[in-house]
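> One file: query.cif (mmCIF, C-alpha atoms).
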data_entry
loop_
_atom_site.group_PDB
_atom_site.id
_atom_site.type_symbol
_atom_site.label_atom_id
_atom_site.label_comp_id
_atom_site.auth_asym_id
_atom_site.auth_seq_id
_atom_site.Cartn_x
_atom_site.Cartn_y
_atom_site.Cartn_z
ATOM 1 C CA MET A 1 -30.703 8.505 13.888
ATOM 2 C CA LYS A 2 -29.289 9.308 17.334
ATOM 3 C CA PRO A 3 -26.232 11.569 17.039
ATOM 4 C CA ASN A 4 -22.915 10.223 18.328
ATOM 5 C CA THR A 5 -22.191 12.123 21.560
ATOM 6 C CA LEU A 6 -18.401 11.904 21.196
ATOM 7 C CA GLU A 7 -18.418 13.196 17.627
ATOM 8 C CA VAL A 8 -20.752 16.056 18.541
ATOM 9 C CA CYS A 9 -18.537 16.975 21.515
ATOM 10 C CA ARG A 10 -15.445 17.017 19.339
ATOM 11 C CA VAL A 11 -17.050 19.729 17.217
ATOM 12 C CA HIS A 12 -19.351 21.582 19.597
ATOM 13 C CA LEU A 13 -18.028 21.099 23.147
ATOM 14 C CA PHE A 14 -17.404 24.814 23.651
ATOM 15 C CA ASP A 15 -20.351 26.193 21.689
ATOM 16 C CA ASP A 16 -22.912 28.086 23.764
ATOM 17 C CA LYS A 17 -26.478 26.803 24.061
ATOM 18 C CA THR A 18 -27.809 29.098 21.320
ATOM 19 C CA GLU A 19 -25.192 27.835 18.891
ATOM 20 C CA LEU A 20 -25.975 24.229 19.775
ATOM 21 C CA GLU A 21 -29.678 24.820 19.104
ATOM 22 C CA LYS A 22 -28.820 26.314 15.696
ATOM 23 C CA HIS A 23 -27.224 22.979 14.742
ATOM 24 C CA ALA A 24 -30.488 21.172 15.557
ATOM 25 C CA ILE A 25 -28.888 19.208 18.377
ATOM 26 C CA PRO A 26 -31.558 17.543 20.584
ATOM 27 C CA GLY A 27 -32.233 19.215 23.923
ATOM 28 C CA GLN A 28 -31.224 16.158 25.957
ATOM 29 C CA LEU A 29 -27.864 16.027 24.172
ATOM 30 C CA ILE A 30 -27.376 19.781 24.693
ATOM 31 C CA ASP A 31 -27.792 19.239 28.445
ATOM 32 C CA ARG A 32 -25.220 16.462 28.306
ATOM 33 C CA ILE A 33 -22.742 18.593 26.332
ATOM 34 C CA ILE A 34 -23.043 21.379 28.930
ATOM 35 C CA ARG A 35 -22.446 18.814 31.699
ATOM 36 C CA LEU A 36 -19.457 17.319 29.883
ATOM 37 C CA ARG A 37 -18.016 20.781 29.221
ATOM 38 C CA ALA A 38 -18.146 21.617 32.938
ATOM 39 C CA ALA A 39 -16.477 18.345 33.920
ATOM 40 C CA TYR A 40 -13.917 18.684 31.110
ATOM 41 C CA THR A 41 -12.892 22.102 32.443
ATOM 42 C CA VAL A 42 -12.606 20.821 36.017
ATOM 43 C CA TRP A 43 -10.488 17.819 35.017
ATOM 44 C CA LEU A 44 -8.309 19.936 32.736
ATOM 45 C CA GLU A 45 -7.554 22.319 35.609
ATOM 46 C CA HIS A 46 -7.189 19.523 38.188
ATOM 47 C CA PRO A 47 -5.761 16.482 36.341
ATOM 48 C CA ARG A 48 -5.030 14.644 39.607
ATOM 49 C CA LYS A 49 -8.712 14.310 40.401
ATOM 50 C CA LYS A 50 -9.779 10.677 40.463
ATOM 51 C CA ASP A 51 -12.621 9.126 38.479
ATOM 52 C CA ALA A 52 -14.776 8.971 41.621
ATOM 53 C CA GLU A 53 -14.410 12.717 42.189
ATOM 54 C CA ILE A 54 -15.442 13.503 38.618
ATOM 55 C CA ARG A 55 -18.282 10.994 38.945
ATOM 56 C CA ASP A 56 -19.591 12.830 42.010
ATOM 57 C CA PHE A 57 -19.240 16.158 40.190
ATOM 58 C CA LEU A 58 -21.277 14.840 37.254
ATOM 59 C CA MET A 59 -23.955 13.387 39.524
ATOM 60 C CA ASN A 60 -24.573 16.917 40.836
ATOM 61 C CA PHE A 61 -26.221 17.488 37.429
ATOM 62 C CA GLY A 62 -28.896 14.929 38.328
ATOM 63 C CA VAL A 63 -27.564 11.887 36.467
ATOM 64 C CA ASN A 64 -27.141 8.418 37.948
ATOM 65 C CA LYS A 65 -23.829 6.684 38.557
ATOM 66 C CA SER A 66 -23.961 4.651 35.338
ATOM 67 C CA ALA A 67 -24.512 7.779 33.206
ATOM 68 C CA ALA A 68 -21.717 9.568 35.080
ATOM 69 C CA TYR A 69 -19.242 6.790 34.267
ATOM 70 C CA ASP A 70 -20.322 6.860 30.629
ATOM 71 C CA ASP A 71 -19.590 10.593 30.660
ATOM 72 C CA ILE A 72 -16.147 9.854 32.157
ATOM 73 C CA ARG A 73 -15.408 7.496 29.274
ATOM 74 C CA ILE A 74 -16.138 10.312 26.816
ATOM 75 C CA LEU A 75 -14.148 12.821 28.883
ATOM 76 C CA LYS A 76 -11.090 10.588 28.805
ATOM 77 C CA LEU A 77 -11.311 10.383 25.032
ATOM 78 C CA LEU A 78 -11.612 14.161 24.787
ATOM 79 C CA LEU A 79 -8.796 14.837 27.251
ATOM 80 C CA GLY A 80 -6.653 12.185 25.589
ATOM 81 C CA ASP A 81 -6.621 14.148 22.349
ATOM 82 C CA PHE A 82 -9.428 11.959 21.004
ATOM 83 C CA THR A 83 -7.293 8.844 20.536
ATOM 84 C CA GLU A 84 -6.056 5.921 22.607
ATOM 85 C CA THR A 85 -8.187 6.660 25.639
ATOM 86 C CA SER A 86 -5.942 5.514 28.447
ATOM 87 C CA LYS A 87 -2.482 6.173 26.995
ATOM 88 C CA ASN A 88 -3.002 9.755 25.858
ATOM 89 C CA PHE A 89 -5.126 10.573 28.898
ATOM 90 C CA HIS A 90 -2.312 9.453 31.196
ATOM 91 C CA ARG A 91 0.227 11.340 29.099
ATOM 92 C CA PHE A 92 -1.885 14.426 29.588
ATOM 93 C CA LYS A 93 -2.051 13.791 33.353
ATOM 94 C CA PHE A 94 1.705 13.159 33.599
ATOM 95 C CA ASN A 95 2.590 16.374 31.779
ATOM 96 C CA SER A 96 0.188 18.296 34.007
ATOM 97 C CA MET A 97 1.781 16.851 37.147
ATOM 98 C CA VAL A 98 5.284 17.749 35.942
ATOM 99 C CA MET A 99 4.183 21.301 35.126
ATOM 100 C CA ASN A 100 2.554 21.611 38.551
ATOM 101 C CA ALA A 101 5.809 20.437 40.157
ATOM 102 C CA TYR A 102 7.745 23.015 38.147
ATOM 103 C CA GLU A 103 5.383 25.830 39.139
ATOM 104 C CA LEU A 104 5.573 24.820 42.809
ATOM 105 C CA ALA A 105 9.387 24.764 42.653
ATOM 106 C CA GLU A 106 9.374 28.149 40.943
ATOM 107 C CA ARG A 107 7.222 29.655 43.696
ATOM 108 C CA ARG A 108 9.645 28.275 46.287
ATOM 109 C CA LYS A 109 12.614 29.518 44.233
ATOM 110 C CA ASP A 110 13.938 25.952 44.263
ATOM 111 C CA THR A 111 16.159 26.060 41.188
ATOM 112 C CA ARG A 112 17.302 22.446 41.480
ATOM 113 C CA SER A 113 13.713 21.118 41.501
ATOM 114 C CA MET A 114 12.800 23.437 38.605
ATOM 115 C CA VAL A 115 15.655 22.027 36.522
ATOM 116 C CA ALA A 116 14.666 18.443 37.473
ATOM 117 C CA ALA A 117 11.015 19.010 36.510
ATOM 118 C CA ALA A 118 12.006 20.683 33.234
ATOM 119 C CA ALA A 119 14.403 17.831 32.431
ATOM 120 C CA GLN A 120 11.692 15.261 33.152
ATOM 121 C CA TYR A 121 9.252 17.131 30.925
ATOM 122 C CA ALA A 122 11.795 17.370 28.089
ATOM 123 C CA LYS A 123 12.777 13.699 28.403
ATOM 124 C CA TYR A 124 9.208 12.410 28.489
ATOM 125 C CA ASN A 125 8.198 14.493 25.475
ATOM 126 C CA GLN A 126 11.485 13.678 23.687
ATOM 127 C CA LEU A 127 12.279 17.340 23.134
ATOM 128 C CA ASP A 128 15.973 16.455 22.881
ATOM 129 C CA LYS A 129 15.369 14.500 19.681
ATOM 130 C CA GLU A 130 14.871 15.860 16.216
ATOM 131 C CA ASP A 131 11.421 15.490 14.751
ATOM 132 C CA ALA A 132 11.163 12.547 12.399
ATOM 133 C CA LEU A 133 11.230 13.590 8.773
ATOM 134 C CA LYS A 134 7.838 13.301 7.190
ATOM 135 C CA THR A 135 7.850 10.957 4.215
ATOM 136 C CA PRO A 136 6.432 12.811 1.193
ATOM 137 C CA TRP A 137 4.171 9.951 0.122
ATOM 138 C CA GLU A 138 2.286 12.195 -2.298
ATOM 139 C CA GLU A 139 5.511 12.838 -4.225
ATOM 140 C CA ILE A 140 6.440 9.171 -4.653
ATOM 141 C CA ILE A 141 5.633 7.954 -8.151
ATOM 142 C CA PRO A 142 4.968 4.194 -8.282
ATOM 143 C CA GLN A 143 7.031 2.161 -10.745
ATOM 144 C CA CYS A 144 5.076 1.346 -13.864
ATOM 145 C CA PHE A 145 5.389 -2.325 -14.855
ATOM 146 C CA GLU A 146 4.033 -3.767 -18.074
ATOM 147 C CA PRO A 147 3.675 -7.522 -18.647
ATOM 148 C CA THR A 148 5.737 -8.947 -21.505
ATOM 149 C CA SER A 149 6.697 -12.316 -22.958
ATOM 150 C CA ASP A 150 10.051 -10.952 -24.119
ATOM 151 C CA PRO A 151 12.809 -12.619 -21.991
ATOM 152 C CA THR A 152 15.425 -10.115 -23.143
ATOM 153 C CA VAL A 153 14.083 -7.551 -20.648
ATOM 154 C CA ILE A 154 15.698 -9.637 -17.862
ATOM 155 C CA GLY A 155 18.802 -10.523 -19.866
ATOM 156 C CA ILE A 156 17.782 -13.966 -21.144
ATOM 157 C CA LYS A 157 18.504 -14.884 -24.740
ATOM 158 C CA PRO A 158 15.257 -15.900 -26.479
ATOM 159 C CA ILE A 159 14.906 -19.414 -27.910
ATOM 160 C CA ASP A 160 13.794 -19.572 -31.486
ATOM 161 C CA ASN A 161 10.448 -21.314 -32.088
ATOM 162 C CA ILE A 162 9.966 -21.908 -28.356
ATOM 163 C CA GLN A 163 6.308 -22.921 -28.687
ATOM 164 C CA ASP A 164 7.201 -25.602 -31.293
ATOM 165 C CA LYS A 165 9.881 -27.000 -28.979
ATOM 166 C CA ILE A 166 7.453 -27.090 -26.044
ATOM 167 C CA ARG A 167 4.933 -28.940 -28.187
ATOM 168 C CA ALA A 168 7.565 -31.458 -29.349
ATOM 169 C CA LEU A 169 8.677 -32.149 -25.755
ATOM 170 C CA LYS A 170 5.066 -32.704 -24.675
ATOM 171 C CA GLU A 171 4.569 -35.195 -27.525
ATOM 172 C CA LYS A 172 7.855 -36.969 -26.737
ATOM 173 C CA TYR A 173 7.466 -37.339 -22.972
ATOM 174 C CA GLY A 174 3.726 -36.927 -22.494
ATOM 175 C CA LYS A 175 2.980 -40.487 -23.616
ATOM 176 C CA ASP A 176 5.150 -41.831 -20.762
ATOM 177 C CA ILE A 177 2.958 -40.137 -18.165
ATOM 178 C CA GLU A 178 0.169 -42.275 -16.817
ATOM 179 C CA ASP A 179 -2.410 -41.737 -14.125
ATOM 180 C CA ILE A 180 -2.161 -44.036 -11.133
ATOM 181 C CA GLU A 181 -4.709 -44.852 -8.510
ATOM 182 C CA TYR A 182 -3.962 -44.267 -4.864
ATOM 183 C CA GLU A 183 -5.674 -44.625 -1.522
ATOM 184 C CA ASP A 184 -5.486 -42.326 1.469
ATOM 185 C CA VAL A 185 -3.603 -43.887 4.349
ATOM 186 C CA ASP A 186 -5.915 -44.386 7.281
ATOM 187 C CA PHE A 187 -4.157 -44.597 10.654
ATOM 188 C CA ASP A 188 -4.550 -43.372 14.201
ATOM 189 C CA GLU A 189 -1.868 -40.687 14.646
ATOM 190 C CA GLU A 190 -2.009 -40.786 18.439
ATOM 191 C CA THR A 191 -1.564 -44.578 18.553
ATOM 192 C CA LEU A 192 1.307 -44.434 16.054
ATOM 193 C CA PHE A 193 3.030 -41.651 17.996
ATOM 194 C CA ASN A 194 2.718 -43.514 21.306
ATOM 195 C CA GLU A 195 4.054 -46.704 19.699
ATOM 196 C CA GLN A 196 7.086 -44.891 18.254
ATOM 197 C CA LEU A 197 7.713 -43.249 21.624
ATOM 198 C CA ARG A 198 7.554 -46.648 23.358
ATOM 199 C CA ILE A 199 10.051 -48.143 20.897
ATOM 200 C CA LYS A 200 12.391 -45.192 21.306
ATOM 201 C CA ASN A 201 12.390 -45.491 25.083
#
For this file, write the structure as structure tokens.

Amino acid sequence: MKPNTLEVCRVHLFDDKTELEKHAIPGQLIDRIIRLRAAYTVWLEHPRKKDAEIRDFLMNFGVNKSAAYDDIRILKLLLGDFTETSKNFHRFKFNSMVMNAYELAERRKDTRSMVAAAAQYAKYNQLDKEDALKTPWEEIIPQCFEPTSDPTVIGIKPIDNIQDKIRALKEKYGKDIEDIEYEDVDFDEETLFNEQLRIKN
């Protein structure tokens, strides 16, 4: 069975080649992991690089364009914290851009821009809000319900000999019930609708 590249990368992306060989990872996949690791590092350090730039970087490893774009798909999952490829990847890129703006402002001693970048970072990451309380699901004990025919549990006074009374009512009124024959009505709904619409107008 061919190993799943994404799953292997999640566990072994930063293992050296010797370690990868110890885990019996196929040689072709080891080469791909090393290639992905290099591109991952480049994109992490330069989040504003476009897909085409990373594609060209990957193709320097001797892969074709199609394989390079497949690598980019995996890289986006890895950079996006392994979930929601596009959304988390773009969150990662946005935070990186804001931090770069802050560092640039700091080098220029531009206090106003530093405060603006920090405020944008805090707002985007909702640092001004308290963390949502985690619901302790493991501590919640489900209500235990047991079926019963006793009506007093819901406040209803029981009727004495209820089954006998049900039987007597069936005997009294059951003989008045008779089966009747019926036929399905067969009509053209569209014709009927158009006729009603004509009459209405």
> Check which residues satisfy the PyMOL selection byres ((chain A and resi 62-69) around 12) in the file shown, then give them as a PyMOL selection string.
chain A and resi 28+31-32+35-36+39+50-61+70-76
> At what distance in Å, to one decimal, does CA of Ser96 in chain A lie from CA of Thr111 in chain A?
19.2 Å
> Expressed in Å to a single decimal, how great is the separation between CA of Leu78 in chain A and CA of Tyr40 in chain A?
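If I compute the distance from CA of Leu78 in chain A to CA of Tyr40 in chain A, I get 8.1 Å.
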> List, as number ranges by chain, every residue that the PyMOL selection byres ((chain A and resi 12) around 12) selects in the file provided.
A: 4-11, 13-25, 29-30, 32-34, 36-37, 78
> For CA of Phe94 in chain A and CA of Ser113 in chain A, quote the distance in Å rounded to one decimal.
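Distance reported for this atom pair: 16.4 Å.
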> Which is closer to Asn100 in chain A than all the others in A:Thr148, A:Gln143, A:Ala119, A:Arg48, using all atoms listed in the file?
A:Arg48
> Can you sort out the box for range 161-175 of chain A, edges along x, y and z, all listed atoms in, 4 Å on every side, with centre and edge lengths in Å to one decimal, as AutoDock Vina command-line options?

--center_x 6.7 --center_y -30.9 --center_z -27.3 --size_x 15.5 --size_y 27.2 --size_z 17.6
> Under the PyMOL selection byres ((chain A and resi 120) around 12), which residues of this model are included? Write them out as a list in words.
Phe94, Asn95, Ser96, Met97, Val98, Met99, Ala101, Tyr102, Ser113, Met114, Val115, Ala116, Ala117, Ala118, Ala119, Tyr121, Ala122, Lys123, Tyr124, Asn125, Gln126, Leu127 and Asp128 of chain A
